[in-house]
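Below: input-v2.cif (mmCIF, C-alpha atoms)
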data_upload
#
loop_
_atom_site.label_atom_id
_atom_site.label_comp_id
_atom_site.auth_asym_id
_atom_site.auth_seq_id
_atom_site.Cartn_x
_atom_site.Cartn_y
_atom_site.Cartn_z
CA MET Q 40 -9.50 -66.21 -94.24
CA SER Q 41 -9.52 -64.55 -97.66
CA LEU Q 42 -12.28 -62.42 -99.12
CA VAL Q 43 -12.66 -64.90 -102.00
CA HIS Q 44 -13.11 -67.77 -99.52
CA THR Q 45 -15.80 -65.83 -97.67
CA LEU Q 46 -17.66 -64.85 -100.84
CA VAL Q 47 -17.56 -68.37 -102.30
CA TRP Q 48 -19.08 -70.01 -99.24
CA PHE Q 49 -21.59 -67.17 -98.84
CA ILE Q 50 -22.79 -67.65 -102.42
CA VAL Q 51 -22.94 -71.43 -101.95
CA ALA Q 52 -25.06 -70.98 -98.81
CA LEU Q 53 -27.32 -68.38 -100.42
CA ALA Q 54 -27.82 -70.42 -103.59
CA ALA Q 55 -28.67 -73.58 -101.64
CA LEU Q 56 -31.24 -71.82 -99.46
CA ILE Q 57 -32.80 -69.98 -102.41
CA VAL Q 58 -33.10 -73.15 -104.49
CA VAL Q 59 -34.76 -75.03 -101.62
CA HIS Q 60 -37.16 -72.15 -100.86
CA GLU Q 61 -38.19 -71.58 -104.47
CA TYR Q 62 -38.39 -75.29 -105.20
CA GLY Q 63 -40.98 -75.54 -102.43
CA HIS Q 64 -43.12 -73.00 -104.31
CA TYR Q 65 -42.41 -74.75 -107.63
CA LEU Q 66 -43.22 -78.27 -106.48
CA VAL Q 67 -46.53 -77.41 -104.82
CA ALA Q 68 -47.54 -75.18 -107.74
CA ARG Q 69 -47.01 -78.10 -110.12
CA LEU Q 70 -48.95 -80.43 -107.80
CA CYS Q 71 -51.82 -77.91 -107.78
CA GLY Q 72 -51.87 -77.80 -111.59
CA VAL Q 73 -50.36 -74.30 -111.93
CA ARG Q 74 -47.99 -73.72 -114.83
CA VAL Q 75 -44.56 -72.41 -113.78
CA LEU Q 76 -43.04 -70.18 -116.45
CA ARG Q 77 -39.63 -69.54 -114.88
CA PHE Q 78 -37.52 -70.78 -111.99
CA SER Q 79 -34.74 -68.24 -111.39
CA VAL Q 80 -31.80 -68.33 -109.01
CA GLY Q 81 -30.78 -64.68 -108.73
CA PHE Q 82 -32.12 -61.54 -110.33
CA GLY Q 83 -31.21 -59.52 -113.39
CA ARG Q 84 -29.85 -60.67 -116.73
CA PRO Q 85 -29.90 -64.47 -117.22
CA LEU Q 86 -26.43 -66.02 -117.45
CA VAL Q 87 -27.62 -69.57 -118.07
CA SER Q 88 -31.07 -70.50 -119.34
CA ARG Q 89 -32.55 -73.93 -120.13
CA ARG Q 90 -36.09 -75.06 -120.89
CA PHE Q 91 -37.15 -78.64 -120.29
CA LYS Q 92 -40.20 -80.56 -121.48
CA PRO Q 93 -42.93 -81.50 -120.75
CA SER Q 94 -43.36 -78.73 -118.13
CA GLY Q 95 -41.93 -75.99 -120.34
CA THR Q 96 -40.45 -74.23 -117.30
CA GLU Q 97 -37.43 -72.01 -118.02
CA TRP Q 98 -34.63 -72.65 -115.51
CA VAL Q 99 -32.37 -69.62 -115.08
CA ILE Q 100 -29.20 -68.63 -113.23
CA ALA Q 101 -29.16 -64.82 -113.20
CA ALA Q 102 -26.41 -62.25 -112.73
CA LEU Q 103 -27.23 -61.09 -109.17
CA PRO Q 104 -27.15 -64.11 -106.79
CA ILE Q 105 -28.96 -62.32 -103.94
CA GLY Q 106 -32.36 -63.95 -104.23
CA GLY Q 107 -34.58 -65.84 -106.59
CA TYR Q 108 -38.15 -66.29 -107.72
CA VAL Q 109 -40.68 -68.62 -109.32
CA LYS Q 110 -42.81 -66.96 -112.00
CA MET Q 111 -46.19 -68.62 -112.50
CA LEU Q 112 -48.83 -68.18 -115.16
CA ASP Q 113 -51.04 -65.33 -113.91
CA GLU Q 114 -53.68 -63.29 -115.73
CA ARG Q 115 -52.73 -60.21 -113.68
CA GLU Q 116 -49.26 -60.20 -115.25
CA GLY Q 117 -50.04 -60.86 -118.89
CA LEU Q 118 -52.37 -62.38 -121.43
CA VAL Q 119 -53.33 -65.99 -120.84
CA SER Q 120 -54.94 -68.12 -123.53
CA ALA Q 121 -58.36 -69.57 -122.86
CA GLU Q 122 -56.93 -73.11 -123.08
CA GLU Q 123 -54.50 -72.45 -120.23
CA ALA Q 124 -56.63 -70.18 -118.04
CA HIS Q 125 -57.32 -73.06 -115.65
CA ARG Q 126 -53.54 -73.33 -115.03
CA ALA Q 127 -53.18 -69.67 -113.98
CA PHE Q 128 -52.26 -68.99 -110.36
CA ASN Q 129 -54.98 -66.37 -109.90
CA ARG Q 130 -57.65 -68.86 -111.00
CA GLN Q 131 -56.84 -71.28 -108.16
CA GLY Q 132 -58.90 -71.53 -105.01
CA VAL Q 133 -57.65 -69.73 -101.92
CA GLY Q 134 -56.64 -73.04 -100.33
CA LYS Q 135 -54.30 -73.91 -103.22
CA ARG Q 136 -52.82 -70.41 -103.25
CA ILE Q 137 -52.10 -70.64 -99.51
CA ALA Q 138 -50.43 -74.02 -100.06
CA ILE Q 139 -48.25 -72.71 -102.91
CA VAL Q 140 -47.14 -69.57 -101.06
CA GLY Q 141 -46.57 -71.34 -97.74
CA ALA Q 142 -44.51 -74.09 -99.39
CA GLY Q 143 -41.42 -71.87 -99.67
CA PRO Q 144 -40.94 -71.21 -95.95
CA LEU Q 145 -41.99 -74.80 -95.19
CA ALA Q 146 -39.21 -76.05 -97.47
CA ASN Q 147 -36.70 -74.00 -95.47
CA PHE Q 148 -37.90 -75.54 -92.20
CA LEU Q 149 -37.72 -79.03 -93.71
CA LEU Q 150 -34.17 -78.34 -94.92
CA ALA Q 151 -33.18 -77.32 -91.39
CA ILE Q 152 -34.64 -80.55 -90.02
CA VAL Q 153 -32.68 -82.60 -92.57
CA LEU Q 154 -29.43 -80.76 -91.77
CA TYR Q 155 -29.86 -81.14 -88.01
CA TRP Q 156 -30.76 -84.81 -88.53
CA LEU Q 157 -27.53 -85.36 -90.48
CA LEU Q 158 -25.54 -83.69 -87.70
CA PHE Q 159 -27.20 -85.67 -84.90
CA VAL Q 160 -26.83 -88.99 -86.73
CA SER Q 161 -23.22 -88.51 -87.84
CA GLY Q 162 -22.11 -87.07 -84.49
CA VAL Q 163 -21.23 -83.53 -83.48
CA PRO Q 164 -18.02 -82.86 -81.51
CA ASP Q 165 -18.66 -80.64 -78.52
CA SER Q 166 -17.42 -79.80 -75.02
CA ARG Q 167 -18.84 -81.14 -71.80
CA PRO Q 168 -21.03 -78.60 -69.96
CA VAL Q 169 -18.30 -77.78 -67.44
CA ILE Q 170 -18.03 -74.14 -66.43
CA GLY Q 171 -15.00 -71.99 -65.73
CA THR Q 172 -14.58 -69.42 -62.98
CA PRO Q 173 -17.58 -67.05 -63.06
CA PRO Q 174 -16.52 -63.38 -63.08
CA ALA Q 175 -17.46 -61.36 -60.01
CA HIS Q 176 -20.80 -59.54 -59.95
CA THR Q 177 -22.42 -61.84 -62.52
CA PRO Q 178 -25.57 -63.95 -62.04
CA ALA Q 179 -23.42 -67.11 -62.13
CA ALA Q 180 -21.19 -65.85 -59.33
CA ALA Q 181 -24.26 -64.83 -57.30
CA ALA Q 182 -25.67 -68.34 -57.77
CA GLY Q 183 -22.56 -69.84 -56.18
CA LEU Q 184 -21.33 -71.64 -59.29
CA GLN Q 185 -17.64 -72.54 -59.25
CA ARG Q 186 -14.93 -73.57 -61.67
CA GLY Q 187 -15.25 -77.24 -62.58
CA ASP Q 188 -19.00 -77.51 -61.92
CA ARG Q 189 -20.66 -79.71 -64.54
CA ILE Q 190 -24.23 -78.80 -65.49
CA GLU Q 191 -26.40 -81.92 -65.40
CA ARG Q 192 -29.88 -80.42 -65.83
CA ILE Q 193 -31.50 -77.05 -66.43
CA ASP Q 194 -35.07 -76.82 -65.17
CA ALA Q 195 -35.13 -80.63 -64.92
CA LYS Q 196 -34.17 -80.97 -68.61
CA ARG Q 197 -31.02 -83.03 -69.14
CA VAL Q 198 -28.01 -81.22 -70.59
CA GLU Q 199 -25.84 -83.23 -72.98
CA SER Q 200 -23.23 -80.73 -74.11
CA TRP Q 201 -21.92 -77.20 -73.77
CA GLN Q 202 -23.93 -75.97 -76.77
CA ASP Q 203 -27.03 -77.61 -75.34
CA ALA Q 204 -26.50 -75.74 -72.05
CA ARG Q 205 -25.91 -72.43 -73.84
CA TRP Q 206 -29.05 -72.85 -75.95
CA GLN Q 207 -31.28 -73.57 -72.94
CA LEU Q 208 -29.81 -70.67 -70.96
CA LEU Q 209 -30.14 -68.29 -73.91
CA GLN Q 210 -33.87 -69.02 -74.12
CA LEU Q 211 -34.25 -68.45 -70.37
CA ALA Q 212 -32.28 -65.20 -70.65
CA LEU Q 213 -34.66 -64.00 -73.37
CA ALA Q 214 -37.60 -64.87 -71.12
CA ARG Q 215 -35.90 -63.19 -68.12
CA ALA Q 216 -36.58 -66.24 -66.00
CA GLN Q 217 -34.85 -68.09 -63.19
CA ALA Q 218 -32.87 -71.17 -64.19
CA ARG Q 219 -32.66 -74.10 -61.78
CA LEU Q 220 -29.35 -75.82 -62.40
CA GLU Q 221 -28.37 -79.26 -61.15
CA VAL Q 222 -24.58 -79.30 -61.05
CA VAL Q 223 -21.92 -81.81 -60.05
CA ASP Q 224 -18.72 -80.37 -58.59
CA ARG Q 225 -15.21 -81.78 -59.04
CA ALA Q 226 -15.65 -83.93 -55.92
CA GLY Q 227 -18.75 -85.55 -57.41
CA HIS Q 228 -21.28 -83.85 -55.14
CA LEU Q 229 -24.65 -82.96 -56.69
CA SER Q 230 -26.21 -79.59 -55.77
CA LEU Q 231 -29.00 -77.30 -56.95
CA LYS Q 232 -28.17 -73.73 -57.97
CA THR Q 233 -30.57 -70.95 -58.95
CA LEU Q 234 -29.35 -68.72 -61.75
CA ASP Q 235 -31.45 -65.56 -61.58
CA LEU Q 236 -31.83 -64.06 -65.06
CA ARG Q 237 -34.93 -61.97 -64.30
CA GLY Q 238 -33.02 -58.69 -64.27
CA PHE Q 239 -30.48 -59.70 -66.89
CA GLU Q 240 -30.39 -57.51 -70.00
CA LEU Q 241 -29.95 -59.62 -73.11
CA GLU Q 242 -28.67 -56.69 -75.23
CA ASP Q 243 -26.36 -58.15 -77.87
CA VAL Q 244 -27.16 -61.82 -78.60
CA GLU Q 245 -24.20 -62.13 -80.98
CA GLY Q 246 -21.89 -60.95 -78.17
CA ASP Q 247 -22.62 -64.15 -76.16
CA PRO Q 248 -25.02 -63.08 -73.39
CA VAL Q 249 -24.55 -66.45 -71.66
CA ALA Q 250 -20.90 -65.54 -71.07
CA ARG Q 251 -21.97 -62.12 -69.78
CA ALA Q 252 -24.18 -63.93 -67.29
CA GLY Q 253 -20.99 -65.56 -66.00
CA ILE Q 254 -21.40 -68.99 -67.60
CA LEU Q 255 -18.00 -69.58 -69.19
CA LEU Q 256 -16.68 -72.76 -70.72
CA TYR Q 257 -14.11 -74.51 -68.55
CA ARG Q 258 -10.63 -73.94 -69.85
CA PRO Q 259 -7.42 -75.71 -68.86
CA SER Q 260 -4.72 -74.30 -66.60
CA ALA Q 261 -3.01 -71.08 -67.66
CA VAL Q 262 -0.29 -72.77 -69.73
CA ILE Q 263 0.67 -71.35 -73.11
CA GLY Q 264 0.02 -73.85 -75.89
CA ARG Q 265 0.58 -71.71 -78.98
CA VAL Q 266 1.91 -68.22 -79.54
CA LEU Q 267 0.57 -66.52 -82.65
CA PRO Q 268 3.27 -65.03 -84.91
CA GLY Q 269 3.64 -61.26 -84.70
CA GLY Q 270 1.37 -60.92 -81.67
CA VAL Q 271 1.92 -59.16 -78.36
CA ALA Q 272 2.73 -62.45 -76.60
CA GLU Q 273 5.50 -63.32 -79.06
CA ARG Q 274 7.06 -59.85 -78.81
CA ALA Q 275 7.00 -60.09 -75.00
CA GLY Q 276 8.88 -63.39 -75.08
CA LEU Q 277 6.10 -65.84 -74.12
CA LYS Q 278 6.61 -69.35 -75.47
CA GLN Q 279 4.91 -72.70 -75.54
CA GLY Q 280 4.83 -74.39 -72.14
CA ASP Q 281 5.05 -71.19 -70.07
CA ARG Q 282 2.70 -71.22 -67.07
CA ILE Q 283 1.10 -67.93 -66.00
CA LEU Q 284 1.41 -67.71 -62.22
CA ALA Q 285 0.22 -64.17 -61.58
CA VAL Q 286 -0.86 -60.93 -63.25
CA ASP Q 287 -0.05 -57.71 -61.36
CA SER Q 288 0.58 -59.71 -58.16
CA ARG Q 289 -2.80 -61.46 -58.45
CA ALA Q 290 -2.54 -65.26 -58.57
CA ILE Q 291 -3.84 -66.92 -61.75
CA GLU Q 292 -5.23 -70.45 -61.43
CA SER Q 293 -6.93 -70.99 -64.79
CA TRP Q 294 -6.80 -69.87 -68.40
CA ASP Q 295 -10.20 -68.21 -67.90
CA GLU Q 296 -8.76 -65.89 -65.26
CA PHE Q 297 -5.82 -65.04 -67.50
CA VAL Q 298 -8.13 -64.24 -70.43
CA LEU Q 299 -10.28 -61.99 -68.25
CA ALA Q 300 -7.19 -60.16 -67.02
CA VAL Q 301 -5.94 -59.62 -70.59
CA ARG Q 302 -9.34 -58.50 -71.88
CA SER Q 303 -9.69 -55.95 -69.07
CA HIS Q 304 -6.31 -54.28 -69.82
CA PRO Q 305 -6.54 -53.01 -73.42
CA GLY Q 306 -3.52 -50.81 -74.13
CA GLU Q 307 -2.39 -50.99 -70.47
CA THR Q 308 0.85 -52.44 -69.15
CA MET Q 309 0.53 -55.78 -67.34
CA ARG Q 310 3.23 -57.41 -65.22
CA LEU Q 311 3.24 -61.21 -65.50
CA ARG Q 312 5.03 -63.78 -63.36
CA ILE Q 313 5.91 -66.80 -65.49
CA ALA Q 314 7.23 -70.28 -64.73
CA ASP Q 315 9.07 -72.45 -67.24
CA GLY Q 316 11.47 -75.36 -67.05
CA ALA Q 317 14.31 -73.12 -65.87
CA GLY Q 318 12.45 -71.37 -63.05
CA GLU Q 319 10.36 -68.24 -62.57
CA TYR Q 320 10.72 -64.81 -64.14
CA ALA Q 321 8.68 -61.64 -64.73
CA ILE Q 322 7.79 -59.86 -67.96
CA GLU Q 323 5.68 -56.88 -68.95
CA MET Q 324 3.32 -56.63 -71.89
CA LYS Q 325 0.67 -54.28 -73.18
CA PRO Q 326 -2.40 -56.07 -74.67
CA GLU Q 327 -3.45 -54.81 -78.05
CA PRO Q 328 -6.77 -52.91 -77.88
CA VAL Q 329 -9.38 -54.46 -80.17
CA THR Q 330 -12.97 -53.25 -80.60
CA VAL Q 331 -15.50 -56.08 -80.58
CA ARG Q 332 -19.18 -55.06 -81.04
CA GLY Q 333 -18.62 -51.60 -79.65
CA ARG Q 334 -16.50 -52.69 -76.68
CA THR Q 335 -12.71 -52.36 -76.45
CA ILE Q 336 -10.88 -55.41 -75.07
CA GLY Q 337 -7.26 -56.54 -74.90
CA ARG Q 338 -5.65 -59.36 -76.90
CA ILE Q 339 -2.13 -60.79 -76.89
CA GLY Q 340 -2.26 -63.63 -79.46
CA ALA Q 341 -1.85 -66.79 -77.38
CA GLU Q 342 -3.78 -70.04 -77.00
CA PRO Q 343 -4.00 -72.47 -74.06
CA ARG Q 344 -2.48 -75.92 -73.81
CA ALA Q 345 -4.40 -78.86 -72.43
CA SER Q 346 -3.02 -82.27 -71.53
CA ALA Q 347 -4.24 -85.26 -73.49
CA GLU Q 348 -6.18 -86.54 -70.47
CA GLU Q 349 -7.78 -83.18 -69.84
CA SER Q 350 -8.71 -82.76 -73.50
CA GLN Q 351 -10.24 -86.24 -73.58
CA TRP Q 352 -12.25 -85.48 -70.46
CA LEU Q 353 -13.51 -82.14 -71.77
CA MET Q 354 -14.51 -83.26 -75.28
CA ILE Q 355 -17.51 -85.43 -76.18
CA GLU Q 356 -19.36 -86.41 -79.33
CA VAL Q 357 -23.13 -85.97 -79.42
CA ARG Q 358 -24.62 -88.76 -81.53
CA HIS Q 359 -28.14 -90.25 -81.73
CA GLY Q 360 -29.99 -92.99 -83.55
CA PRO Q 361 -31.99 -92.12 -86.70
CA TRP Q 362 -35.43 -91.86 -85.04
CA LYS Q 363 -34.31 -89.90 -81.98
CA ALA Q 364 -32.20 -87.66 -84.24
CA LEU Q 365 -35.31 -86.88 -86.30
CA VAL Q 366 -37.32 -85.97 -83.20
CA LEU Q 367 -34.49 -83.80 -81.87
CA ALA Q 368 -33.99 -82.14 -85.28
CA ALA Q 369 -37.68 -81.23 -85.51
CA ALA Q 370 -37.67 -79.93 -81.93
CA LYS Q 371 -34.51 -77.89 -82.57
CA THR Q 372 -36.04 -76.33 -85.69
CA TRP Q 373 -39.26 -75.49 -83.83
CA GLU Q 374 -37.44 -74.00 -80.83
CA THR Q 375 -35.17 -71.91 -83.05
CA SER Q 376 -38.14 -70.61 -85.05
CA ILE Q 377 -40.03 -69.58 -81.91
CA PHE Q 378 -36.86 -68.03 -80.48
CA SER Q 379 -36.40 -66.00 -83.68
CA LEU Q 380 -39.97 -64.70 -83.50
CA ARG Q 381 -39.56 -63.75 -79.85
CA MET Q 382 -36.30 -61.97 -80.69
CA ILE Q 383 -38.03 -59.98 -83.44
CA GLY Q 384 -40.81 -59.08 -81.02
CA ARG Q 385 -38.33 -57.92 -78.39
CA MET Q 386 -36.50 -55.82 -80.99
CA ILE Q 387 -39.76 -54.20 -82.12
CA VAL Q 388 -40.66 -53.11 -78.57
CA GLY Q 389 -37.09 -51.95 -77.93
CA ASP Q 390 -36.06 -54.53 -75.31
CA ILE Q 391 -33.21 -55.79 -77.49
CA SER Q 392 -30.83 -53.84 -79.69
CA TRP Q 393 -31.48 -53.78 -83.46
CA ARG Q 394 -27.79 -54.64 -83.81
CA ASN Q 395 -28.88 -58.28 -83.49
CA LEU Q 396 -30.47 -58.03 -86.94
CA SER Q 397 -27.51 -59.24 -88.98
CA GLY Q 398 -27.06 -58.00 -92.51
CA PRO Q 399 -25.54 -59.67 -95.58
CA VAL Q 400 -21.98 -58.74 -94.61
CA THR Q 401 -22.28 -60.43 -91.21
CA ILE Q 402 -23.93 -63.50 -92.74
CA ALA Q 403 -21.19 -63.72 -95.37
CA ASP Q 404 -18.55 -63.50 -92.64
CA TYR Q 405 -20.22 -66.30 -90.65
CA ALA Q 406 -20.47 -68.42 -93.80
CA GLY Q 407 -16.72 -68.15 -94.36
CA GLN Q 408 -15.87 -68.79 -90.71
CA SER Q 409 -18.15 -71.81 -90.37
CA ALA Q 410 -16.84 -73.35 -93.59
CA GLN Q 411 -13.31 -72.90 -92.29
CA ALA Q 412 -14.27 -74.60 -89.01
CA GLY Q 413 -15.47 -77.76 -90.80
CA TRP Q 414 -18.46 -79.29 -92.51
CA SER Q 415 -20.48 -79.78 -89.30
CA ALA Q 416 -20.18 -76.09 -88.38
CA TYR Q 417 -21.14 -75.10 -91.93
CA LEU Q 418 -24.20 -77.38 -91.93
CA ALA Q 419 -25.28 -75.94 -88.57
CA PHE Q 420 -24.86 -72.45 -90.03
CA LEU Q 421 -27.00 -73.40 -93.06
CA ALA Q 422 -29.71 -74.80 -90.77
CA ILE Q 423 -29.89 -71.59 -88.72
CA ILE Q 424 -29.98 -69.33 -91.78
CA SER Q 425 -32.59 -71.57 -93.42
CA ILE Q 426 -34.81 -71.24 -90.34
CA SER Q 427 -34.25 -67.48 -90.31
CA LEU Q 428 -35.22 -67.27 -93.98
CA GLY Q 429 -38.38 -69.27 -93.32
CA VAL Q 430 -39.36 -67.13 -90.33
CA LEU Q 431 -38.60 -63.87 -92.15
CA ASN Q 432 -40.72 -64.87 -95.15
CA LEU Q 433 -43.68 -65.67 -92.89
CA LEU Q 434 -43.76 -62.17 -91.40
CA PRO Q 435 -47.05 -60.45 -92.37
CA ILE Q 436 -45.32 -57.92 -94.60
CA PRO Q 437 -46.60 -57.40 -98.17
CA LEU Q 438 -44.07 -58.55 -100.81
CA LEU Q 439 -43.08 -61.43 -98.51
CA ASP Q 440 -44.83 -64.81 -98.44
CA GLY Q 441 -46.39 -63.89 -95.11
CA GLY Q 442 -47.91 -60.77 -96.67
CA HIS Q 443 -49.58 -62.85 -99.39
CA LEU Q 444 -50.86 -65.27 -96.76
CA LEU Q 445 -52.31 -62.26 -94.92
CA TYR Q 446 -54.14 -61.25 -98.10
CA TYR Q 447 -55.58 -64.74 -98.46
CA LEU Q 448 -56.69 -64.78 -94.82
CA ALA Q 449 -58.46 -61.44 -95.41
CA GLU Q 450 -60.03 -62.95 -98.53
CA ILE Q 451 -61.42 -65.85 -96.49
CA LEU Q 452 -62.82 -63.52 -93.85
CA LYS Q 453 -64.18 -61.05 -96.42
CA GLY Q 454 -65.66 -63.72 -98.66
CA GLY Q 455 -63.85 -62.41 -101.73
CA PRO Q 456 -60.48 -61.08 -102.95
CA LEU Q 457 -59.19 -57.68 -101.82
CA SER Q 458 -59.45 -54.75 -104.19
CA GLU Q 459 -56.54 -53.86 -106.45
CA ARG Q 460 -56.20 -50.52 -104.62
CA ALA Q 461 -55.92 -52.21 -101.20
CA MET Q 462 -53.26 -54.59 -102.51
CA GLU Q 463 -51.35 -51.71 -104.13
CA ILE Q 464 -51.26 -49.78 -100.84
CA GLY Q 465 -50.14 -52.93 -99.07
CA GLN Q 466 -47.31 -53.43 -101.57
CA GLN Q 467 -46.10 -49.87 -101.02
CA ILE Q 468 -46.15 -50.33 -97.23
CA GLY Q 469 -44.37 -53.65 -97.57
CA LEU Q 470 -41.65 -52.16 -99.76
CA ALA Q 471 -41.08 -49.35 -97.25
CA LEU Q 472 -40.85 -51.86 -94.38
CA LEU Q 473 -38.38 -54.05 -96.27
CA VAL Q 474 -36.18 -51.09 -97.16
CA LEU Q 475 -36.24 -50.05 -93.49
CA LEU Q 476 -35.40 -53.62 -92.41
CA MET Q 477 -32.45 -53.80 -94.80
CA ALA Q 478 -31.21 -50.39 -93.68
CA PHE Q 479 -31.18 -51.59 -90.05
CA ALA Q 480 -29.43 -54.82 -91.07
#

What do you get writing this file as structure tokens?
Amino acid sequence: MSLVHTLVWFIVALAALIVVHEYGHYLVARLCGVRVLRFSVGFGRPLVSRRFKPSGTEWVIAALPIGGYVKMLDEREGLVSAEEAHRAFNRQGVGKRIAIVGAGPLANFLLAIVLYWLLFVSGVPDSRPVIGTPPAHTPAAAAGLQRGDRIERIDAKRVESWQDARWQLLQLALARAQARLEVVDRAGHLSLKTLDLRGFELEDVEGDPVARAGILLYRPSAVIGRVLPGGVAERAGLKQGDRILAVDSRAIESWDEFVLAVRSHPGETMRLRIADGAGEYAIEMKPEPVTVRGRTIGRIGAEPRASAEESQWLMIEVRHGPWKALVLAAAKTWETSIFSLRMIGRMIVGDISWRNLSGPVTIADYAGQSAQAGWSAYLAFLAIISISLGVLNLLPIPLLDGGHLLYYLAEILKGGPLSERAMEIGQQIGLALLVLLMAFA
């Protein structure tokens, strides 16, 4: 994936989310009778500028595509003629000002609902919620879960797909709760398992805490499907169709076990027993050490092979009718918003690492990766970032929409607007908090 590819899709994502957010402010401002002077995508020197009648709003694309703004007529920012004073933002009642400011984040939430609705209606390819071999000393192993168990329900809530299972378990991990799993084993027997997440440390959400709890996606047998050019596997002589029988005299039954063995031997020599069409033989290889989120693991550059029947059994498509898709999209947006707020709260009190606060570089990387994975992955990425933008802007920090809403709430309680001095102090505090937030990110 090239740098240009990453930047292009990052800018596309950022521009789309900014336009939707600012258009929310713009639309409600117009409905409330406020004159909008400028609608800008980006900051700095205007690159493209057009003015349309009858509104007279100037539409601008600026040089720095890292944000945007809607500039409204306001007596605090310049002279306003007596004829247009009634169209100034500051002359509006507190109810209208709350509606205008809150419309930006609301637009982001509505965009997320639309994107999720499109995904649910068109169909999202996913894996069945079948788990692989849980590593020893993990909550999943302690619960008695085994390779091939299919998760039917979590806390009596039906599980439709692997991502659905991960999402429900991630929320329970954040709450440090017990999860009651109804699972069906490979023989078709239904059983109830208790996954105890009360003492589980969430730590790094981006590092897949569900996997650290021992819930791994079922993978096919340890048969090489593809060897990446120039990797450790290719140099060691592994080829497509080779079956991994053992690593350091320990029998390997699944691809999961092979991956765990490779990851746990970064830079260390491993002895593999291999079977191919001509018989069995042994090779040695030394997995390449790679640092992922502060942890060093081993990689060899090989992918698994699954039979057509096994692939068909593992893969599903999650699709719903228009009405049910709308209900699920709204619920998904609500759950993600609440989850984001709880995550921020846990980071503030120190329960979760601040590393989970992703910065622009990480977001740009995810934009490029999701676009490369296909349109459905990219739309899901846009929905998540749109929700994050909406939640972030509702935080009660001056300079953000939530800070302005806090001012208006104080105005309602006080019976009049705050003093200029109080608002100035608030702006300074808000700027300091935002700088600190960006530094962490």

Q) Which one of Q:Ile355, Q:Ala370, Q:Leu220, Q:Leu213 sits closest to Leu236 of chain Q if you count only C-alpha atoms? A) Q:Leu213

(Q) Need to verify the contact set: Arg215 of chain Q, 8 Å, only C-alpha atoms, exclusion of same-chain residues closer than 2 positions in sequence. Can you return it as a PyMOL selection string? (A) chain Q and resi 211-213+217+236-239

Q | Residue nearest Cys71 of chain Q - candidates Q:Ile424, Q:Ile137, Q:Ile383, Q:Val58, atoms counted: only C-alpha atoms | A | Q:Ile137

Q.
I'd like the contact shell of segment 439-447 of chain Q - 8 Å cut-off, all atoms listed in the file, skipping same-chain residues fewer than 2 positions apart - returned as a VMD selection string.
A. chain Q and resid 133 136 to 137 140 to 141 143 to 144 432 to 437 449 to 451 456 to 457 469

Q: Show which residues sit within 9 Å of Ser293 of chain Q, as a VMD selection string. Count only C-alpha atoms, and ignore same-chain residues fewer than 3 positions away.
A: chain Q and resid 171 to 172 186 257 to 262 283 296 to 298

Using only C-alpha atoms, collect all residues at a distance of at most 6 Å from (-19.7, -85.2, -78.3) as written in the file, then present them as a short mmCIF file (atom, residue, chain, number, x, y, z; two decimals) with C-alpha atoms, in the coordinates of the input.
data_model
loop_
_atom_site.label_atom_id
_atom_site.label_comp_id
_atom_site.auth_asym_id
_atom_site.auth_seq_id
_atom_site.Cartn_x
_atom_site.Cartn_y
_atom_site.Cartn_z
CA VAL Q 163 -21.23 -83.53 -83.48
CA PRO Q 164 -18.02 -82.86 -81.51
CA ASP Q 165 -18.66 -80.64 -78.52
CA ILE Q 355 -17.51 -85.43 -76.18
CA GLU Q 356 -19.36 -86.41 -79.33
CA VAL Q 357 -23.13 -85.97 -79.42
#

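Applied to the shown file, the PyMOL selection byres ((chain Q and resi 174-180) around 9) selects the residues Thr172, Pro173, Ala181, Ala182, Gly183, Leu184, Gln185, Thr233, Leu234, Asp235, Leu236, Phe239, Arg251, Ala252, Gly253, Ile254, Leu255, Glu296 and Leu299 of chain Q.
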
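Interatomic distance, atom CA of Tyr155 of chain Q against atom CA of Gly360 of chain Q: 12.7 Å.
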
Q.
Would you pick out the contacts of Ser88 of chain Q at 10 Å or less, using only C-alpha atoms, so that residues sharing its chain but fewer than 4 positions from it are not included, and give the list as a list in words?
A. Arg77, Phe78, Ser79, Glu97, Trp98, Val99, Ile100 and Ala101 of chain Q

Q) Which one is closest to Glu114 of chain Q: Q:Leu277, Q:Ala127, Q:Leu76, Q:Ala52? Count only C-alpha atoms. A) Q:Ala127

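Comparing the minimum interatomic distances between Ser161 of chain Q and each of Q:Gly276, Q:Gly318, Q:Pro361, Q:Gly264, counting all atoms listed in the file, we find that Q:Pro361 sits nearest.
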
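Here the PyMOL selection byres ((chain Q and resi 193) around 9) matches the residues Ile190, Glu191, Arg192, Asp194, Ala195, Lys196, Arg197, Val198, Ala204, Gln207, Leu208, Ala218, Arg219, Leu220 and Glu221 of chain Q.
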
Q: Tell me which protein, DNA and RNA residues are within 10 Å of Pro328 of chain Q, counting all atoms listed in the file, leaving out same-chain ones fewer than 4 positions away, and put them as a count of residues only.
A: 13

Q: Quick one: pull the distance between atom CA of Gly340 of chain Q and atom CA of Ile313 of chain Q, Å, one decimal.
A: 16.5 Å

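Closest to Phe128 of chain Q among Q:Gly316, Q:Gly72, Q:Pro343, Q:Gly455 is Q:Gly72, based on only C-alpha atoms.
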
Wanna dump the segment 56-100 of chain Q-segment 416-421 of chain Q contacts at 12 Å for me, each residue with its shortest atom pair and the distance in Å to one decimal, counting all atoms listed in the file, ordered by chain and number, as JSON lines?
{"residue": "Q:Leu56", "atom": "CA", "partner": "Q:Leu421", "partner_atom": "CA", "distance": 7.8}
{"residue": "Q:Ile57", "atom": "CA", "partner": "Q:Leu421", "partner_atom": "CA", "distance": 11.5}
{"residue": "Q:Val59", "atom": "CA", "partner": "Q:Leu421", "partner_atom": "CA", "distance": 11.7}
